[in-house]
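What follows is the content of structure.txt (compact mmCIF, C-alpha atoms).
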```txt
# COMPACT_ATOMS: atom_id res chain seq x y z
CA MET A 1 0.00 0.00 0.00
CA TRP A 2 2.80 2.41 0.87
CA ALA A 3 4.50 1.68 -2.47
CA LEU A 4 1.25 2.49 -4.25
CA PHE A 5 0.89 5.73 -2.26
CA GLY A 6 4.44 6.67 -3.16
CA GLY A 7 3.70 6.05 -6.84
CA TRP A 8 0.61 8.28 -6.61
CA VAL A 9 2.67 11.10 -5.06
CA VAL A 10 5.27 10.80 -7.83
CA LEU A 11 2.56 11.06 -10.50
CA LEU A 12 1.05 14.03 -8.70
CA ILE A 13 4.39 15.83 -8.49
CA SER A 14 4.92 15.21 -12.21
CA SER A 15 1.95 17.60 -12.86
CA MET A 16 -0.29 14.82 -14.16
CA PRO A 17 -4.01 15.69 -13.66
CA ILE A 18 -5.18 14.30 -10.32
CA THR A 19 -7.96 12.25 -11.95
CA PHE A 20 -5.44 10.27 -14.00
CA THR A 21 -3.13 9.78 -11.00
CA ILE A 22 -6.02 8.25 -9.05
CA LEU A 23 -7.11 6.09 -11.96
CA ILE A 24 -3.64 4.72 -12.71
CA THR A 25 -2.75 3.85 -9.11
CA SER A 26 -6.17 2.25 -8.51
CA VAL A 27 -5.99 0.10 -11.64
CA VAL A 28 -2.45 -1.02 -10.79
CA TYR A 29 -3.63 -2.05 -7.32
CA MET A 30 -6.59 -3.99 -8.72
CA LEU A 31 -4.44 -5.76 -11.29
CA LEU A 32 -2.29 -6.97 -8.41
CA HIS A 33 -5.22 -7.94 -6.15
CA GLY A 34 -8.08 -9.11 -8.34
CA GLY A 35 -7.58 -8.63 -12.04
CA ILE A 36 -8.89 -6.40 -14.79
CA MET A 37 -12.49 -7.61 -14.44
CA MET A 38 -12.65 -6.24 -10.90
CA ALA A 39 -11.46 -2.85 -12.13
CA ALA A 40 -14.07 -2.83 -14.90
CA GLN A 41 -16.90 -3.81 -12.52
CA ARG A 42 -15.97 -1.15 -9.96
CA ALA A 43 -15.67 1.51 -12.68
CA VAL A 44 -19.19 0.79 -13.98
CA ALA A 45 -20.63 0.65 -10.45
CA GLY A 46 -19.15 4.07 -9.68
CA VAL A 47 -21.25 5.87 -12.28
CA ASN A 48 -24.29 3.56 -12.43
CA SER A 49 -26.47 5.71 -10.17
CA PHE A 50 -29.97 7.16 -10.68
CA THR A 51 -29.09 10.08 -8.40
CA LEU A 52 -26.16 11.11 -10.60
CA LEU A 53 -28.49 11.58 -13.58
CA ALA A 54 -29.36 14.93 -12.01
CA ILE A 55 -25.91 16.32 -12.82
CA PRO A 56 -26.15 16.52 -16.64
CA PHE A 57 -29.68 17.91 -16.41
CA PHE A 58 -28.71 20.68 -13.96
CA ILE A 59 -25.70 21.53 -16.14
CA LEU A 60 -28.01 21.63 -19.18
CA SER A 61 -30.51 23.90 -17.44
CA GLY A 62 -27.74 26.32 -16.39
CA ASN A 63 -26.41 26.46 -19.97
CA LEU A 64 -29.91 27.06 -21.32
CA MET A 65 -30.45 29.90 -18.84
CA ASN A 66 -27.26 31.56 -20.03
CA VAL A 67 -27.90 31.39 -23.79
CA THR A 68 -31.59 32.38 -23.67
CA GLY A 69 -31.05 35.73 -21.95
CA ILE A 70 -32.71 34.65 -18.72
CA THR A 71 -29.63 35.75 -16.76
CA ASP A 72 -29.98 39.28 -18.18
CA ARG A 73 -33.60 39.51 -17.03
CA ILE A 74 -32.63 38.32 -13.56
CA PHE A 75 -29.89 40.95 -13.40
CA LYS A 76 -32.30 43.76 -14.37
CA PHE A 77 -34.85 42.64 -11.76
CA ALA A 78 -32.17 42.55 -9.05
CA LYS A 79 -31.05 46.04 -10.09
CA SER A 80 -34.58 47.38 -9.67
CA MET A 81 -34.77 45.95 -6.15
CA VAL A 82 -31.41 46.79 -4.54
CA GLY A 83 -29.57 49.13 -6.94
CA HIS A 84 -30.33 52.15 -4.72
CA ILE A 85 -28.51 50.77 -1.65
CA PRO A 86 -24.94 52.08 -1.08
CA GLY A 87 -22.86 49.62 -3.04
CA GLY A 88 -25.38 49.66 -5.89
CA LEU A 89 -24.34 47.07 -8.41
CA GLY A 90 -22.43 45.11 -5.75
CA HIS A 91 -25.77 44.30 -4.08
CA VAL A 92 -27.34 43.66 -7.49
CA ASN A 93 -24.52 41.20 -8.19
CA ILE A 94 -25.23 39.26 -4.98
CA LEU A 95 -29.02 39.21 -5.31
CA ALA A 96 -28.80 38.14 -8.97
CA SER A 97 -26.49 35.28 -7.96
CA LEU A 98 -28.93 34.19 -5.25
CA LEU A 99 -31.80 34.15 -7.75
CA PHE A 100 -29.79 32.44 -10.49
CA SER A 101 -28.51 29.83 -8.03
CA GLY A 102 -32.04 28.47 -7.83
CA MET A 103 -31.71 27.41 -11.47
CA SER A 104 -28.15 26.32 -12.22
CA GLY A 105 -26.81 24.44 -9.18
CA SER A 106 -23.26 25.43 -10.10
CA ALA A 107 -20.92 28.19 -8.95
CA HIS A 108 -19.09 28.06 -12.27
CA ALA A 109 -22.34 28.51 -14.24
CA ASP A 110 -23.09 31.57 -12.13
CA ALA A 111 -19.59 33.03 -12.48
CA GLY A 112 -19.42 32.31 -16.19
CA GLY A 113 -23.02 33.27 -17.07
CA LEU A 114 -23.98 36.21 -14.88
CA GLY A 115 -20.34 37.15 -14.29
CA LYS A 116 -19.73 38.70 -17.68
CA ILE A 117 -22.89 40.83 -17.47
CA GLU A 118 -22.20 41.91 -13.89
CA ILE A 119 -18.54 42.83 -14.32
CA GLN A 120 -19.16 44.86 -17.49
CA ALA A 121 -22.03 46.77 -15.84
CA MET A 122 -19.90 47.53 -12.77
CA ARG A 123 -16.93 48.53 -14.92
CA ASP A 124 -19.13 50.97 -16.89
CA ASP A 125 -20.30 52.56 -13.64
CA GLY A 126 -16.80 53.21 -12.30
CA TYR A 127 -16.28 50.22 -10.01
CA ASP A 128 -12.68 49.01 -10.01
CA ASP A 129 -11.99 45.62 -11.56
CA GLY A 130 -10.69 44.06 -8.34
CA PHE A 131 -13.89 44.83 -6.43
CA SER A 132 -16.14 43.83 -9.34
CA GLY A 133 -14.37 40.52 -9.87
CA ALA A 134 -14.14 39.71 -6.16
CA ILE A 135 -17.84 40.22 -5.49
CA THR A 136 -18.74 38.26 -8.63
CA ALA A 137 -16.60 35.31 -7.53
CA SER A 138 -17.70 35.37 -3.89
CA SER A 139 -21.41 35.66 -4.71
CA SER A 140 -21.16 32.67 -7.06
CA VAL A 141 -20.55 30.34 -4.10
CA VAL A 142 -24.24 30.64 -3.24
CA GLY A 143 -25.02 28.48 -6.30
CA PRO A 144 -24.10 25.11 -4.78
CA LEU A 145 -25.84 25.97 -1.48
CA MET A 146 -29.21 27.03 -2.86
CA PRO A 147 -31.17 24.17 -4.43
CA PRO A 148 -30.52 22.74 -6.92
CA SER A 149 -26.90 21.92 -6.14
CA ILE A 150 -24.57 19.67 -8.11
CA PRO A 151 -22.09 19.16 -5.20
CA MET A 152 -24.96 18.14 -2.92
CA VAL A 153 -26.21 15.64 -5.48
CA ILE A 154 -22.74 14.09 -5.53
CA TYR A 155 -22.46 14.16 -1.72
CA GLY A 156 -25.89 12.56 -1.40
CA ALA A 157 -24.89 9.79 -3.81
CA ILE A 158 -21.62 8.87 -2.11
CA ALA A 159 -22.92 9.29 1.47
CA SER A 160 -26.34 7.67 0.88
CA VAL A 161 -28.12 10.78 2.17
CA SER A 162 -31.44 12.25 1.00
CA VAL A 163 -30.65 14.81 -1.69
CA GLY A 164 -34.01 16.48 -1.04
CA LYS A 165 -33.05 17.13 2.59
CA LEU A 166 -29.63 18.38 1.53
CA PHE A 167 -31.32 20.82 -0.86
CA MET A 168 -33.58 22.10 1.91
CA GLY A 169 -30.64 22.35 4.32
CA GLY A 170 -28.77 24.68 1.99
CA ILE A 171 -31.48 27.36 1.66
CA ILE A 172 -30.93 29.27 4.93
CA PRO A 173 -27.08 29.10 4.66
CA ALA A 174 -27.35 30.50 1.10
CA ILE A 175 -29.42 33.44 2.34
CA LEU A 176 -26.99 34.03 5.23
CA CYS A 177 -24.03 34.05 2.83
CA SER A 178 -25.77 36.57 0.59
CA GLY A 179 -26.67 38.79 3.54
CA SER A 180 -23.15 38.72 4.98
CA LEU A 181 -21.63 39.62 1.61
CA MET A 182 -24.07 42.51 1.21
CA ILE A 183 -23.00 43.89 4.59
CA MET A 184 -19.36 43.76 3.47
CA VAL A 185 -20.24 45.47 0.17
CA TYR A 186 -22.14 48.21 2.02
CA PHE A 187 -19.15 49.20 4.17
CA ILE A 188 -16.62 49.01 1.33
CA ALA A 189 -18.90 51.06 -0.94
CA LYS A 190 -19.41 53.74 1.72
CA LYS A 191 -15.66 53.98 2.19
CA ARG A 192 -14.92 54.21 -1.56
CA ASN A 193 -17.99 56.31 -2.42
CA TYR A 194 -19.23 54.05 -5.21
CA LYS A 195 -22.14 55.09 -7.43
CA VAL A 196 -25.71 54.51 -6.21
CA TYR A 197 -28.72 54.30 -8.54
CA PRO A 198 -31.92 56.30 -7.90
CA LYS A 199 -34.58 54.25 -6.17
CA MET A 200 -37.02 52.85 -8.73
CA SER A 201 -40.72 53.43 -8.38
CA PHE A 202 -43.10 50.68 -7.37
CA GLN A 203 -44.49 50.52 -10.92
CA GLU A 204 -41.00 50.10 -12.40
CA ARG A 205 -40.26 47.28 -9.99
CA ILE A 206 -43.51 45.54 -10.87
CA VAL A 207 -42.70 45.73 -14.60
CA SER A 208 -39.18 44.35 -13.97
CA PHE A 209 -40.63 41.59 -11.80
CA PHE A 210 -43.09 40.44 -14.48
CA HIS A 211 -40.33 40.39 -17.11
CA ALA A 212 -38.32 38.05 -14.89
CA PHE A 213 -41.26 36.20 -13.31
CA PRO A 214 -41.14 33.01 -15.44
CA ALA A 215 -37.43 32.61 -14.68
CA LEU A 216 -37.94 33.33 -10.97
CA MET A 217 -40.49 30.53 -10.79
CA THR A 218 -37.80 27.91 -11.45
CA PRO A 219 -36.60 27.46 -7.83
CA VAL A 220 -40.23 27.60 -6.65
CA ILE A 221 -41.12 24.70 -8.96
CA ILE A 222 -38.09 22.70 -7.81
CA ILE A 223 -38.64 23.22 -4.07
CA ALA A 224 -42.43 22.74 -4.24
CA GLY A 225 -42.05 19.60 -6.34
CA ILE A 226 -39.55 18.00 -3.97
CA PHE A 227 -41.40 19.06 -0.81
CA SER A 228 -44.73 17.75 -2.10
CA GLY A 229 -43.23 14.49 -3.36
CA ILE A 230 -44.36 15.10 -6.96
CA PHE A 231 -40.84 14.35 -8.18
CA THR A 232 -37.47 13.35 -6.80
CA PRO A 233 -34.41 15.66 -6.91
CA THR A 234 -33.16 13.71 -9.93
CA GLU A 235 -36.47 14.16 -11.72
CA ALA A 236 -36.45 17.82 -10.66
CA ALA A 237 -33.27 18.27 -12.70
CA ALA A 238 -35.02 17.02 -15.83
CA VAL A 239 -38.05 19.23 -15.10
CA THR A 240 -35.75 22.25 -14.71
CA SER A 241 -34.08 21.60 -18.07
CA LEU A 242 -37.45 21.20 -19.79
CA TYR A 243 -38.76 24.37 -18.16
CA ALA A 244 -35.67 26.35 -19.25
CA LEU A 245 -36.10 25.07 -22.80
CA ILE A 246 -39.78 26.08 -22.85
CA LEU A 247 -38.96 29.55 -21.48
CA GLY A 248 -36.24 30.18 -24.04
CA THR A 249 -38.21 28.84 -27.01
CA PHE A 250 -41.83 29.87 -26.44
CA VAL A 251 -41.89 32.57 -23.73
CA TYR A 252 -38.77 34.68 -24.34
CA LYS A 253 -38.34 33.41 -27.94
CA SER A 254 -34.58 33.76 -27.67
CA PHE A 255 -33.61 30.16 -28.33
CA ASP A 256 -33.51 28.14 -31.53
CA LEU A 257 -31.97 24.98 -32.93
CA LYS A 258 -28.82 26.84 -33.98
CA LYS A 259 -27.96 27.43 -30.30
CA LEU A 260 -28.87 23.88 -29.27
CA ARG A 261 -25.66 22.35 -30.61
CA GLY A 262 -23.41 24.61 -28.54
CA VAL A 263 -25.51 24.06 -25.40
CA LEU A 264 -25.37 20.27 -25.79
CA GLN A 265 -21.61 20.32 -26.47
CA ASP A 266 -20.93 22.33 -23.30
CA THR A 267 -23.24 20.07 -21.29
CA ILE A 268 -21.65 16.85 -22.57
CA SER A 269 -18.14 18.20 -22.00
CA SER A 270 -18.84 19.14 -18.37
CA THR A 271 -20.73 15.91 -17.68
CA VAL A 272 -17.95 13.71 -19.07
CA VAL A 273 -15.36 15.44 -16.89
CA ILE A 274 -17.43 14.89 -13.72
CA GLY A 275 -18.34 11.32 -14.73
CA PHE A 276 -14.73 10.38 -15.42
CA LEU A 277 -13.71 11.82 -12.05
CA MET A 278 -16.42 9.83 -10.25
CA LEU A 279 -15.37 6.67 -12.07
CA SER A 280 -11.79 7.16 -10.86
CA ILE A 281 -12.91 7.90 -7.32
CA SER A 282 -15.04 4.75 -7.21
CA LEU A 283 -11.91 2.73 -7.95
CA ILE A 284 -9.81 4.41 -5.26
CA GLY A 285 -12.77 4.05 -2.90
CA TYR A 286 -12.62 0.29 -3.30
CA VAL A 287 -8.85 0.30 -2.71
CA LEU A 288 -9.24 2.34 0.48
CA ALA A 289 -12.06 0.11 1.72
CA ARG A 290 -10.03 -3.04 1.06
CA GLU A 291 -7.15 -1.59 3.04
CA GLN A 292 -9.57 -0.51 5.84
CA ILE A 293 -8.45 3.12 5.60
CA PRO A 294 -11.87 4.53 6.64
CA GLN A 295 -11.84 2.44 9.81
CA LYS A 296 -8.32 3.57 10.64
CA ILE A 297 -9.20 7.24 10.12
CA SER A 298 -12.33 6.77 12.23
CA MET A 299 -10.27 5.22 15.04
CA PHE A 300 -7.80 8.10 14.84
CA PHE A 301 -10.49 10.75 15.29
CA VAL A 302 -12.36 8.80 17.97
CA THR A 303 -9.12 8.23 19.88
CA TYR A 304 -8.19 11.92 19.99
CA THR A 305 -11.63 13.53 20.22
CA SER A 306 -15.22 12.58 20.87
CA ASN A 307 -16.40 16.20 20.65
CA PRO A 308 -18.43 16.86 17.46
CA ILE A 309 -17.40 20.55 17.36
CA ILE A 310 -13.69 19.70 17.58
CA PHE A 311 -14.17 17.12 14.84
CA LEU A 312 -15.95 19.62 12.58
CA LEU A 313 -13.23 22.20 13.18
CA SER A 314 -10.54 19.63 12.37
CA VAL A 315 -12.34 18.55 9.20
CA ASN A 316 -12.76 22.14 8.03
CA VAL A 317 -9.10 22.92 8.58
CA LEU A 318 -8.15 19.75 6.70
CA LEU A 319 -10.44 20.54 3.77
CA LEU A 320 -9.31 24.15 3.55
CA ILE A 321 -5.67 23.04 3.41
CA LEU A 322 -6.45 20.42 0.75
CA GLY A 323 -8.43 23.00 -1.18
CA THR A 324 -5.33 25.13 -1.72
CA PHE A 325 -3.84 22.57 -4.10
CA ILE A 326 -6.52 19.96 -5.01
CA GLU A 327 -9.59 20.53 -7.17
CA THR A 328 -12.83 20.81 -5.17
CA MET A 329 -14.76 17.95 -6.76
CA ALA A 330 -11.83 15.60 -6.24
CA ILE A 331 -11.77 16.46 -2.52
CA ILE A 332 -15.48 15.77 -2.13
CA LEU A 333 -15.24 12.41 -3.85
CA LEU A 334 -11.94 11.31 -2.35
CA VAL A 335 -12.09 12.51 1.27
CA ILE A 336 -15.76 12.74 2.21
CA PRO A 337 -16.51 8.97 2.02
CA LEU A 338 -13.83 8.53 4.68
CA LEU A 339 -15.23 11.22 6.98
CA VAL A 340 -19.00 10.63 6.83
CA PRO A 341 -18.89 7.41 8.93
CA VAL A 342 -16.84 9.23 11.57
CA ALA A 343 -19.29 12.14 11.64
CA ILE A 344 -22.24 9.77 12.09
CA SER A 345 -20.44 7.89 14.88
CA LEU A 346 -20.01 11.21 16.73
CA GLY A 347 -23.72 12.00 16.43
CA ILE A 348 -23.44 14.55 13.62
CA ASP A 349 -26.36 14.41 11.21
CA PRO A 350 -25.07 13.58 7.71
CA VAL A 351 -27.29 16.33 6.24
CA HIS A 352 -25.72 18.92 8.54
CA PHE A 353 -22.26 17.55 7.80
CA GLY A 354 -22.92 17.67 4.04
CA VAL A 355 -24.01 21.31 4.02
CA VAL A 356 -20.99 22.30 6.14
CA VAL A 357 -18.67 20.41 3.79
CA VAL A 358 -20.18 22.01 0.67
CA MET A 359 -19.91 25.45 2.29
CA ASN A 360 -16.25 24.73 3.05
CA MET A 361 -15.64 23.63 -0.53
CA MET A 362 -17.20 26.84 -1.82
CA ILE A 363 -14.75 28.88 0.22
CA GLY A 364 -12.07 26.66 -1.29
CA ILE A 365 -12.97 27.67 -4.86
CA LEU A 366 -12.26 31.29 -3.84
CA THR A 367 -8.93 30.59 -2.18
CA PRO A 368 -5.72 31.13 -4.21
CA PRO A 369 -3.80 29.47 -5.75
CA MET A 370 -6.39 26.81 -6.81
CA GLY A 371 -9.52 28.95 -6.57
CA VAL A 372 -11.37 27.72 -9.65
CA SER A 373 -14.00 30.47 -9.53
CA LEU A 374 -11.21 33.05 -9.50
CA PHE A 375 -9.87 31.66 -12.78
CA VAL A 376 -13.37 31.64 -14.31
CA VAL A 377 -14.09 35.23 -13.27
CA ALA A 378 -10.61 36.40 -14.34
CA LYS A 379 -11.25 34.91 -17.77
CA VAL A 380 -14.81 36.16 -18.39
CA GLY A 381 -14.08 39.59 -16.92
CA ASP A 382 -10.58 40.01 -18.41
CA ILE A 383 -9.18 40.78 -14.94
CA PRO A 384 -5.54 40.05 -13.97
CA PHE A 385 -5.51 37.02 -11.66
CA PRO A 386 -3.08 38.57 -9.08
CA LEU A 387 -5.42 41.57 -8.69
CA LEU A 388 -8.43 39.29 -8.22
CA ALA A 389 -6.60 37.03 -5.75
CA LYS A 390 -5.74 40.06 -3.62
CA SER A 391 -9.20 41.62 -3.82
CA ILE A 392 -11.07 38.45 -2.82
CA ILE A 393 -9.58 38.31 0.71
CA PRO A 394 -12.08 40.69 2.44
CA PHE A 395 -15.02 38.75 0.99
CA ILE A 396 -13.80 35.42 2.35
CA ILE A 397 -14.16 36.78 5.91
CA PRO A 398 -18.00 36.94 6.03
CA LEU A 399 -18.20 33.50 4.42
CA PHE A 400 -15.93 32.12 7.15
CA ILE A 401 -18.20 33.63 9.78
CA VAL A 402 -21.22 31.89 8.24
CA LEU A 403 -19.29 28.60 8.10
CA VAL A 404 -18.46 28.80 11.82
CA LEU A 405 -22.08 29.66 12.57
CA LEU A 406 -23.27 26.58 10.67
CA MET A 407 -20.87 24.37 12.66
CA LEU A 408 -21.93 25.76 16.04
CA VAL A 409 -25.68 25.97 15.38
CA PRO A 410 -26.82 22.86 13.46
CA GLU A 411 -30.45 24.03 13.67
CA ILE A 412 -29.72 26.61 10.96
CA VAL A 413 -29.16 23.77 8.52
CA MET A 414 -31.61 21.23 9.94
CA PHE A 415 -34.72 23.41 10.38
CA LEU A 416 -36.12 23.04 6.84
CA PRO A 417 -35.09 19.37 6.38
CA SER A 418 -36.86 18.55 9.66
CA LEU A 419 -40.13 19.77 8.12
CA MET A 420 -39.81 17.04 5.46
CA GLY A 421 -40.11 14.31 8.10
```
Just dump the structure as structure tokens.
Amino acid sequence: MWALFGGWVVLLISSMPITFTILITSVVYMLLHGGIMMAAQRAVAGVNSFTLLAIPFFILSGNLMNVTGITDRIFKFAKSMVGHIPGGLGHVNILASLLFSGMSGSAHADAGGLGKIEIQAMRDDGYDDGFSGAITASSSVVGPLMPPSIPMVIYGAIASVSVGKLFMGGIIPAILCSGSLMIMVYFIAKKRNYKVYPKMSFQERIVSFFHAFPALMTPVIIIAGIFSGIFTPTEAAAVTSLYALILGTFVYKSFDLKKLRGVLQDTISSTVVIGFLMLSISLIGYVLAREQIPQKISMFFVTYTSNPIIFLLSVNVLLLILGTFIETMAIILLVIPLLVPVAISLGIDPVHFGVVVVMNMMIGILTPPMGVSLFVVAKVGDIPFPLLAKSIIPFIIPLFIVLVLLMLVPEIVMFLPSLMG
């Protein structure tokens, strides 16, 4: 086992993508301890999941929202509601991300879709690029907290936890994150004297609301459908994609077959990447289970602490450190299966643990040098990465505060899931 671990480290140091390093070491192990058929069976089992079908559909719905102009309507509605508050477009940026997060389930879809619109609007109004990019990146983390959520679908699949309850558990944390970021924007804007828009009249807000109303109904349909039991979270993903297609084609009339090819290509590309990663992780999961690594890790934590809070703090520190040099999805798939049994043994609800973990991972995508959202925002906004990495630091602080609050007060996460029975 140690020789295999050493080989994995060598491959990792050689700058090989982490997915391939995991796949190669796992296959080598299985060839030595069971043969090629075992590797093939485990690979198929890793992606043969009804729950995981939600991922391509949520990716598809996010892509459809971006190409049909729905994101632009959401942005205009958010501007009518909060553009007059000191910080103007900073608050619009956050509220638009909160609304869009109820449709895409992905931080990258938010950053890449709304991000371009938001940064250009803020740039035109005199906001500096560092501030514009930082608030765009930090507000995008709400996406995987507010249902639907691709990371929560994956967590639910690997931890055998109700995805519906995970979705419900993320709603209040998403609102808290948005509120904390808006407070930070308010104080920075007052200090820098950023532009504020005149307050729109009630009639103007109503008009803006009706223009965006069909799009705003998406999260309502998802949440109501799951709560009422009409469809499962996986089926909700398909419903969301169908609804986005209907909006773009028949309501907003901004989508046609010419755009369909590009949407499907982007969806397939993203889905294949995630699927290949999950396939690789399923193989390494078998290797770790065979070597009883989860039991050893569990014994380590139980030996040194039986306090759930200390365990959560330790896990968050571990994940934040890993997040500085390992891609977020890889961490969720590689580390979380080892930690969930320990959390349950310490009396931590797996739904609470899942939301805390996803929140931690979202802070990770903002943290240099491997902050994926920073790279996305830097690209779509044409902002120098060093400037963005420096500007993001103040916005990580309120997100940390929310993370600590979620650890200390589980009821924040568990209130809505408890209503589901």
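From atom CA of A:Ala159 back to atom CA of A:Leu318, the distance works out to 18.8 Å.
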Find the nearest atom pair between each residue of stretch 58-109 of chain A and stretch 173-195 of chain A for residues within 9 Å, count all atoms listed in the file, give distances in Å to one decimal, sort rows by chain and ascending number, and present the table as a Markdown table.
```
| residue | atom | partner | partner_atom | distance |
| --- | --- | --- | --- | --- |
| A:Ile85 | CA | A:Tyr186 | CA | 7.8 |
| A:Pro86 | CA | A:Tyr186 | CA | 5.7 |
| A:Gly87 | CA | A:Ala189 | CA | 4.7 |
| A:Gly88 | CA | A:Lys195 | CA | 6.5 |
| A:Leu89 | CA | A:Lys195 | CA | 8.4 |
| A:Gly90 | CA | A:Val185 | CA | 6.3 |
| A:His91 | CA | A:Met182 | CA | 5.8 |
| A:Ile94 | CA | A:Ser178 | CA | 6.2 |
| A:Leu95 | CA | A:Ser178 | CA | 7.2 |
| A:Ser97 | CA | A:Ser178 | CA | 8.7 |
| A:Leu98 | CA | A:Ser178 | CA | 7.1 |
```
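Residues of protein, DNA and RNA with at least one atom no farther than 10 Å from (-20.3, 19.8, -17.4) are, using all atoms listed in the file, Ile55, Pro56, Phe57, Phe58, Ile59, Leu60, Gly62, Asn63, Ser106, His108, Ala109, Leu264, Gln265, Asp266, Thr267, Ile268, Ser269, Ser270, Thr271, Val272, Val273, Ile274 and Gly275 of chain A.
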Could you list as a PyMOL selection string every residue that has an atom within 7 Å of (-30.2, 53.2, -3.4), using the file's coordinates and counting all atoms listed in the file?
-> chain A and resi 82-86+88+196-199
Go ahead and write the selection's residues with C-alpha atoms as an mmCIF file, in the coordinates of the input.
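Output contents, as saved in part-v5.cif:
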```
data_model
loop_
_atom_site.group_PDB
_atom_site.id
_atom_site.type_symbol
_atom_site.label_atom_id
_atom_site.label_comp_id
_atom_site.auth_asym_id
_atom_site.auth_seq_id
_atom_site.Cartn_x
_atom_site.Cartn_y
_atom_site.Cartn_z
ATOM 1 C CA VAL A 82 -31.410 46.790 -4.540
ATOM 2 C CA GLY A 83 -29.570 49.130 -6.940
ATOM 3 C CA HIS A 84 -30.330 52.150 -4.720
ATOM 4 C CA ILE A 85 -28.510 50.770 -1.650
ATOM 5 C CA PRO A 86 -24.940 52.080 -1.080
ATOM 6 C CA GLY A 88 -25.380 49.660 -5.890
ATOM 7 C CA VAL A 196 -25.710 54.510 -6.210
ATOM 8 C CA TYR A 197 -28.720 54.300 -8.540
ATOM 9 C CA PRO A 198 -31.920 56.300 -7.900
ATOM 10 C CA LYS A 199 -34.580 54.250 -6.170
#
```
Restricting to only C-alpha atoms, whichever of A:Met420, A:Ala237, A:Ala45, A:Met407 is closest to A:Phe353 is A:Met407
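What separates atom CA of A:Met168 from atom CA of A:Leu416 is a distance of 5.6 Å.
Proximity to A:Phe209 was assessed for A:Ile13, A:Met81, A:Ile70, A:Val28 counting all atoms listed in the file; the smallest distance is recorded for A:Met81.
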In Å and to one decimal, atom CA of A:Ile222 is distant from atom CA of A:Val239 by 8.1 Å
Among A:Leu313, A:Ala224, A:Met122, A:Ile412, A:Ala134 is approached most closely, using only C-alpha atoms, by A:Met122
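In terms of minimum interatomic distance to A:Thr303, A:Val342 ranks closest within A:Ile154, A:Leu64, A:Val342, A:Ile393, counting all atoms listed in the file.
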The residue from A:Leu145, A:Ile206, A:Ile117, A:Leu408 with the smallest atom-to-atom distance to A:Ser132, counting only C-alpha atoms, is A:Ile117
Output, as JSON, the centre and edge lengths in Å (one decimal) of the axis-aligned box that contains all listed atoms of stretch 245-248 of chain A with 3 Å of margin on each side.
```
{"center_x": -37.9, "center_y": 27.6, "center_z": -22.8, "size_x": 9.7, "size_y": 11.1, "size_z": 8.6}
```
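Ranking A:Gly381, A:Pro337, A:Gly170, A:Pro219 by their shortest atom-to-atom distance to A:Val413, with only C-alpha atoms included, puts A:Gly170 first.
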Checklist line | Contacts of A:Gly156 at 10 Å (only C-alpha atoms; same-chain gap of 5+ positions) as a ChimeraX atom specification | finding: /A:51-52,150-151,161-167,350-351,354
Q) Using only C-alpha atoms, which residues sit within 10 Å of A:Asp349 once same-chain residues fewer than 5 positions away are excluded, as a VMD selection string? A) chain A and resid 161 340 343 to 344 354 410 414
Give me a file of those residues, with C-alpha atoms, as a PDB file, keeping the file's coordinate frame.
```
ATOM      1  CA  VAL A 161     -28.120  10.780   2.170  1.00  0.00           C
ATOM      2  CA  VAL A 340     -19.000  10.630   6.830  1.00  0.00           C
ATOM      3  CA  ALA A 343     -19.290  12.140  11.640  1.00  0.00           C
ATOM      4  CA  ILE A 344     -22.240   9.770  12.090  1.00  0.00           C
ATOM      5  CA  GLY A 354     -22.920  17.670   4.040  1.00  0.00           C
ATOM      6  CA  PRO A 410     -26.820  22.860  13.460  1.00  0.00           C
ATOM      7  CA  MET A 414     -31.610  21.230   9.940  1.00  0.00           C
TER       8      MET A 414
END
```
